[in-house]
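Q: Starting off with a structure, shown below.
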Amino acid sequence: MIEKQFILKSYSKTLENGSFTWSSPSNIALVKYWGKKEHQIPENPSVSFTLNTCKTITKLSFSKKENDNEFSFEVYLDDEKKDDFKPKIETFFKRIESYLPFLKAYHFKIETSNTFPHSSGIASSASGMSALAMCLMSIERSLSEVEVTDNYVTQKASFLARLGSGSACRSLEGDLVVWGKHDKIDGSSDLFGVKYPFEVHQNFKNYNDTILLVDKGEKQVSSTVGHNLMHNHPFAKERFKQAHKNLSDLINVFKIGDLKAFISIVESEALTLHAMMMTSMPYFILMKPNTLEIINKIWTFRKETHSNVCFTLDAGANVHVLYPENETELVNEFIKSELVAYCQNGHYICDRIGFGAKQLTMEN
Ligand code: PMV
């Protein structure tokens with residue numbers, strides 16, 4: 001499958017060497033992507049909040065090499081050489097080579113660091129792949145003779161990032177991003193993320209996401225394996241239908257600022273994601289006892305205080321605690337007094353809605 005719109009006709013400029021640095025955030029899905037077709041095409045549309053604090057910063061240095069018959073690159077995490085990252089990046093380069101024909105013409109040095117701890121159980125693939133995609137797009141922009149628009153760069157970066165890690169395509173912009181074709185959202189696409197195009201009520205501005213680190217270990221089942229278990233899953237068809245409906249319903253929820261309806265959809269999505277894992281064959285559970293303790297505490301607190309705090313989960317045991325800006329103090333107090341005890345070594349990360357990838361330096 002070749003998407004012609006993402007192939008530039010020719011590069012007429014030459015570039016010997018240089019470097020670009022970008023930061024790109026993580027994101028948290030409200031309607032979840034779980035299940036994919038070939039070429040990282042999602043089985044259903046998803047929508048996410050872009051995060052602000054949890055980011056990857058990547059510096060990509062490049063220098064022209066003698067021949068262009070193979071990929072040549074080295075990877076560093078926090079200044080330490082990481083050869084174990086190479087196979088994933090090699091696969092990524094192979095998938096995107098037809099869209100970036102200069103890839104074999106350069107030797108690359110990829111230096112990356114995350115603002116969140118490496119062993120936090122927070123996946124760095126969304127922020128990492130989107131940051132790398134933006135660095136590569138900066139090179140393409142410099143090589144191109146014709147003026148390429150910001151919109152083209154962001155969209156193609158999202159398209160490329162998707163080929164690295166599906167949900168990475170939702171990290172380029174903020175504050176809400178839709179990925180996957182949805183009949184009520186014009187411009188939505190299976191190929192890249194787009195900024196949520198409709199009205200969003202003030203209630204959802206500066207929304208908080210405090211990430212409770214319940215289990216910092218490596219996941220027992222990777223998301224690639226999990227996605228694949230949705231093939232022939234007995235409930236898959238209904239689940240994909242439900243995701244379309246939940247996204248339709250969210251359109252009005254975002255418009256009128258209905259926090260109660262938001263909570264129902266978001267928590268149901270999180271539990272459905274994990275229910276799909278538990279009903280796969282083979283089945284598996286990524287939640288831990290403390291994940292459930294936290295969920296129950298949130299439900300009790302909500303009942304007692306009428307707060308609008310709620311939770312969501314990604315493919316792991318950590319809990320994302322979501323709450324509106326005007327409840328920051330109330331919920332922070334609750335987290336400190338009742339939830340931190342369930343976090344591994346008491347660790348948690350305070351984050352909130354953010355606005356996507358940013359260029360940090362430009363040298364070439
Ligand atoms: O991008 P992947 O392949 O790691 O899948 C991410 C899947 C979830 O985080 C569980 C859901 C989502 O939409 O982000």
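Labels for the structure tokens follow display order: chains A, B, ..., residues from 1 in each chain, ligands from 1.
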Ligand 1: which residues are within 7 Å, counting only C-alpha atoms and all ligand atoms, as a list in words?

A: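 Residues satisfying the distance criterion: Ile28, Ala29, Val31, Lys32, Tyr33, Trp34, Ser46, Ser125, Ala126, Ser165, Gly166, Ser167, Ala168, Ser223, Thr224, Asp314 and Ala315 of chain A.
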
Q: Which neighbours of region 187-197 of chain A fall inside 7 Å, counting only C-alpha atoms, when residues of the same chain fewer than 4 positions from it are skipped, and could you give them as a VMD selection string?

A: chain A and resid 41 to 42 155 158 to 159 162 169 to 170 173 to 174 176 to 182

Q: What does the file look like for those residues with N, CA, C and O atoms, as a JSON list (two decimals), in the first residue's frame?

A:
```
[["chain", "number", "residue", "atom", "x", "y", "z"],
["A", 41, "ILE", "N", -3.35, -0.03, 10.37],
["A", 41, "ILE", "CA", -4.64, 0.62, 10.17],
["A", 41, "ILE", "C", -5.56, 0.19, 11.32],
["A", 41, "ILE", "O", -5.73, -1.01, 11.57],
["A", 42, "PRO", "N", -6.12, 1.16, 12.05],
["A", 42, "PRO", "CA", -6.91, 0.80, 13.24],
["A", 42, "PRO", "C", -8.25, 0.17, 12.86],
["A", 42, "PRO", "O", -8.84, 0.53, 11.85],
["A", 155, "GLN", "N", 0.97, 16.53, 9.21],
["A", 155, "GLN", "CA", 0.17, 15.37, 8.78],
["A", 155, "GLN", "C", 1.07, 14.20, 8.35],
["A", 155, "GLN", "O", 0.81, 13.05, 8.71],
["A", 158, "SER", "N", 2.63, 12.62, 11.37],
["A", 158, "SER", "CA", 1.66, 11.75, 12.04],
["A", 158, "SER", "C", 1.52, 10.43, 11.29],
["A", 158, "SER", "O", 1.50, 9.34, 11.89],
["A", 159, "PHE", "N", 1.48, 10.54, 9.96],
["A", 159, "PHE", "CA", 1.39, 9.35, 9.10],
["A", 159, "PHE", "C", 2.60, 8.43, 9.32],
["A", 159, "PHE", "O", 2.47, 7.21, 9.46],
["A", 162, "ARG", "N", 2.68, 6.84, 12.86],
["A", 162, "ARG", "CA", 1.73, 5.72, 12.93],
["A", 162, "ARG", "C", 2.37, 4.41, 12.51],
["A", 162, "ARG", "O", 2.10, 3.35, 13.07],
["A", 169, "CYS", "N", 0.67, 8.48, 16.31],
["A", 169, "CYS", "CA", 0.15, 9.46, 15.35],
["A", 169, "CYS", "C", -0.76, 10.48, 16.03],
["A", 169, "CYS", "O", -1.12, 11.48, 15.41],
["A", 170, "ARG", "N", -1.14, 10.24, 17.30],
["A", 170, "ARG", "CA", -1.99, 11.21, 18.01],
["A", 170, "ARG", "C", -1.18, 12.18, 18.86],
["A", 170, "ARG", "O", -1.76, 12.92, 19.64],
["A", 173, "GLU", "N", -0.08, 16.91, 17.65],
["A", 173, "GLU", "CA", -0.82, 18.14, 17.93],
["A", 173, "GLU", "C", -1.58, 18.00, 19.24],
["A", 173, "GLU", "O", -1.58, 16.96, 19.86],
["A", 174, "GLY", "N", -2.28, 19.06, 19.62],
["A", 174, "GLY", "CA", -3.14, 19.00, 20.80],
["A", 174, "GLY", "C", -4.39, 19.76, 20.51],
["A", 174, "GLY", "O", -4.55, 20.27, 19.41],
["A", 176, "LEU", "N", -6.87, 17.80, 21.65],
["A", 176, "LEU", "CA", -7.60, 16.54, 21.45],
["A", 176, "LEU", "C", -7.33, 16.10, 20.02],
["A", 176, "LEU", "O", -7.41, 16.90, 19.09],
["A", 177, "VAL", "N", -7.00, 14.83, 19.85],
["A", 177, "VAL", "CA", -6.69, 14.33, 18.50],
["A", 177, "VAL", "C", -7.49, 13.07, 18.20],
["A", 177, "VAL", "O", -7.63, 12.19, 19.06],
["A", 178, "VAL", "N", -8.04, 13.04, 16.98],
["A", 178, "VAL", "CA", -8.81, 11.88, 16.53],
["A", 178, "VAL", "C", -7.98, 11.11, 15.51],
["A", 178, "VAL", "O", -7.36, 11.70, 14.63],
["A", 179, "TRP", "N", -7.97, 9.81, 15.65],
["A", 179, "TRP", "CA", -7.31, 8.97, 14.63],
["A", 179, "TRP", "C", -8.29, 7.85, 14.27],
["A", 179, "TRP", "O", -8.81, 7.17, 15.15],
["A", 180, "GLY", "N", -8.50, 7.67, 12.98],
["A", 180, "GLY", "CA", -9.40, 6.62, 12.49],
["A", 180, "GLY", "C", -10.65, 7.25, 11.90],
["A", 180, "GLY", "O", -11.18, 8.23, 12.42],
["A", 181, "LYS", "N", -11.07, 6.70, 10.78],
["A", 181, "LYS", "CA", -12.22, 7.25, 10.05],
["A", 181, "LYS", "C", -13.50, 7.14, 10.89],
["A", 181, "LYS", "O", -13.84, 6.07, 11.38],
["A", 182, "HIS", "N", -14.17, 8.30, 11.02],
["A", 182, "HIS", "CA", -15.45, 8.31, 11.74],
["A", 182, "HIS", "C", -16.43, 9.12, 10.92],
["A", 182, "HIS", "O", -16.11, 10.23, 10.48]]
```

Q: Extract the full set of helix (DSSP H, G or I) residues from region 63-246 of chain A according to DSSP on the backbone, and format it as an NGL selection string.

A: :A and (83-96 or 103-105 or 125-143 or 150-164 or 166-170 or 202-204 or 223-228 or 236-246)

Q: Using only C-alpha atoms for the distances, tell me which of A:Ala157, A:Val331, A:Thr361, A:Ser268 is nearest to His306 (chain A).

A: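 Going through A:Ala157, A:Val331, A:Thr361, A:Ser268 one by one, the smallest distance to His306 (chain A) is for A:Val331.
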
Q: Considering only C-alpha atoms, give me a table of residues in region 179-201 of chain A that are at most 8 Å from region 241-254 of chain A, with the closest atom pair and distance in Å for each, as CSV.

A:
```
residue,atom,partner,partner_atom,distance
A:His182,CA,A:His244,CA,6.9
A:Lys184,CA,A:Ser248,CA,6.9
A:Phe198,CA,A:Ile251,CA,7.5
A:Glu199,CA,A:Phe254,CA,7.0
A:Val200,CA,A:Phe254,CA,4.9
A:His201,CA,A:Phe254,CA,5.7
```

Q: From a DSSP pass on the backbone, collect the residues of region 102-195 of chain A flagged as strand (DSSP E or B) and hand them back as a PyMOL selection string.

A: chain A and resi 106-114+144+173+176-179+182+185+193-195

Q: Measure the distance from CA of Val309 (chain A) to CA of Gly35 (chain A) in Å and round it to one decimal.

A: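 Distance reported for this atom pair: 28.1 Å.
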
Q: Any idea what's packed within 7 Å of region 104-116 of chain A, counting only C-alpha atoms, ignoring anything in its chain fewer than 6 positions away? Could you give it as a list in words?

A: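 Residues near the query, excluding close chain neighbours: Cys54, Lys55, Thr56, Ile57, Thr58, Lys59, Leu60, Ser61, Phe62, Ser63, Lys64, Lys65, Asn67, Asp68, Asn69, Glu70, Phe71, Ser72, Phe73, Glu74, Val75, Tyr76, Leu77, Asp78 and Asp79 of chain A.
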
Q: Nearest residue to Leu286 (chain A) out of A:Val146, A:Ile7, A:Val47, A:Val221, using only C-alpha atoms?

A: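 Distance minimum relative to Leu286 (chain A) lands on A:Val221.
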
Q: Report as a PyMOL selection string all protein, DNA and RNA residues lying within 10 Å of Pro234 (chain A), evaluated on only C-alpha atoms, omitting residues in the same chain fewer than 3 positions from it.

A: chain A and resi 230-231+237-239+276+279-281

Q: Do a neighbour search on Lys336 (chain A) at 12 Å with only C-alpha atoms, toss out local chain neighbours closer than 6 positions, and write the hits as a list in words.

A: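 My reading of the contact set: Thr210, Leu212, Glu329, Leu330, Tyr342, Cys343, Gly346, His347, Tyr348, Ile349 and Cys350 of chain A.
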
Q: Would you export the selected residues with N, CA and C atoms as a JSON list (two decimals), in the first residue's frame, please?

A:
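Okay, this is what ended up in selection-v8.json:
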```json
[["chain", "number", "residue", "atom", "x", "y", "z"],
["A", 210, "THR", "N", -3.27, 12.89, 36.35],
["A", 210, "THR", "CA", -2.21, 12.47, 37.28],
["A", 210, "THR", "C", -2.03, 10.97, 37.08],
["A", 212, "LEU", "N", -0.76, 7.51, 38.14],
["A", 212, "LEU", "CA", -0.34, 6.77, 39.33],
["A", 212, "LEU", "C", 0.45, 5.55, 38.89],
["A", 329, "GLU", "N", -7.19, 21.32, 43.34],
["A", 329, "GLU", "CA", -6.80, 21.26, 44.75],
["A", 329, "GLU", "C", -7.46, 20.08, 45.47],
["A", 330, "LEU", "N", -8.78, 19.97, 45.27],
["A", 330, "LEU", "CA", -9.56, 18.92, 45.92],
["A", 330, "LEU", "C", -9.00, 17.53, 45.57],
["A", 342, "TYR", "N", -1.00, 3.33, 47.06],
["A", 342, "TYR", "CA", -1.09, 2.19, 46.14],
["A", 342, "TYR", "C", -0.07, 2.28, 44.99],
["A", 343, "CYS", "N", 0.73, 3.35, 44.98],
["A", 343, "CYS", "CA", 1.72, 3.51, 43.90],
["A", 343, "CYS", "C", 3.03, 2.84, 44.31],
["A", 346, "GLY", "N", 5.49, 5.00, 46.03],
["A", 346, "GLY", "CA", 4.79, 6.28, 46.17],
["A", 346, "GLY", "C", 4.92, 7.20, 44.96],
["A", 347, "HIS", "N", 5.31, 6.63, 43.80],
["A", 347, "HIS", "CA", 5.59, 7.49, 42.64],
["A", 347, "HIS", "C", 4.34, 7.78, 41.79],
["A", 348, "TYR", "N", 4.22, 9.05, 41.43],
["A", 348, "TYR", "CA", 3.16, 9.44, 40.49],
["A", 348, "TYR", "C", 3.64, 10.67, 39.71],
["A", 349, "ILE", "N", 2.97, 10.94, 38.58],
["A", 349, "ILE", "CA", 3.39, 12.05, 37.72],
["A", 349, "ILE", "C", 2.19, 12.98, 37.50],
["A", 350, "CYS", "N", 2.36, 14.26, 37.76],
["A", 350, "CYS", "CA", 1.28, 15.22, 37.54],
["A", 350, "CYS", "C", 1.38, 15.75, 36.11]]
```

Q: Give me, as a PyMOL selection string, all polymer residues having an atom no more than 12 Å from Thr91 (chain A), counting only C-alpha atoms and skipping those fewer than 6 positions away in the same chain.

A: chain A and resi 71+85+97+129+163-165

Q: I want to know what sits within 10 Å of Val266 (chain A), based on only C-alpha atoms, with residues of the same chain fewer than 3 positions away left out; could you give that as a list in words?

A: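 Returned residues: Ala29, Leu30, Val31, Lys32, Asn246, Leu250, Ala261, Phe262, Ile263, Glu269, Ala270, Leu271, Thr272, Cys310, Phe311, Thr312, Leu313 and Leu322 of chain A.
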
Q: Between A:Ile139, A:Leu172, A:Ile353, A:Ile295, which is the closest to Ala317 (chain A) once you count only C-alpha atoms?

A: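 Closest residue, counting only C-alpha atoms: A:Ile295.
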
Q: Rounded to one decimal place, report the CA of Ile96 (chain A)-CA of Phe355 (chain A) distance in Å.

A: 25.1 Å
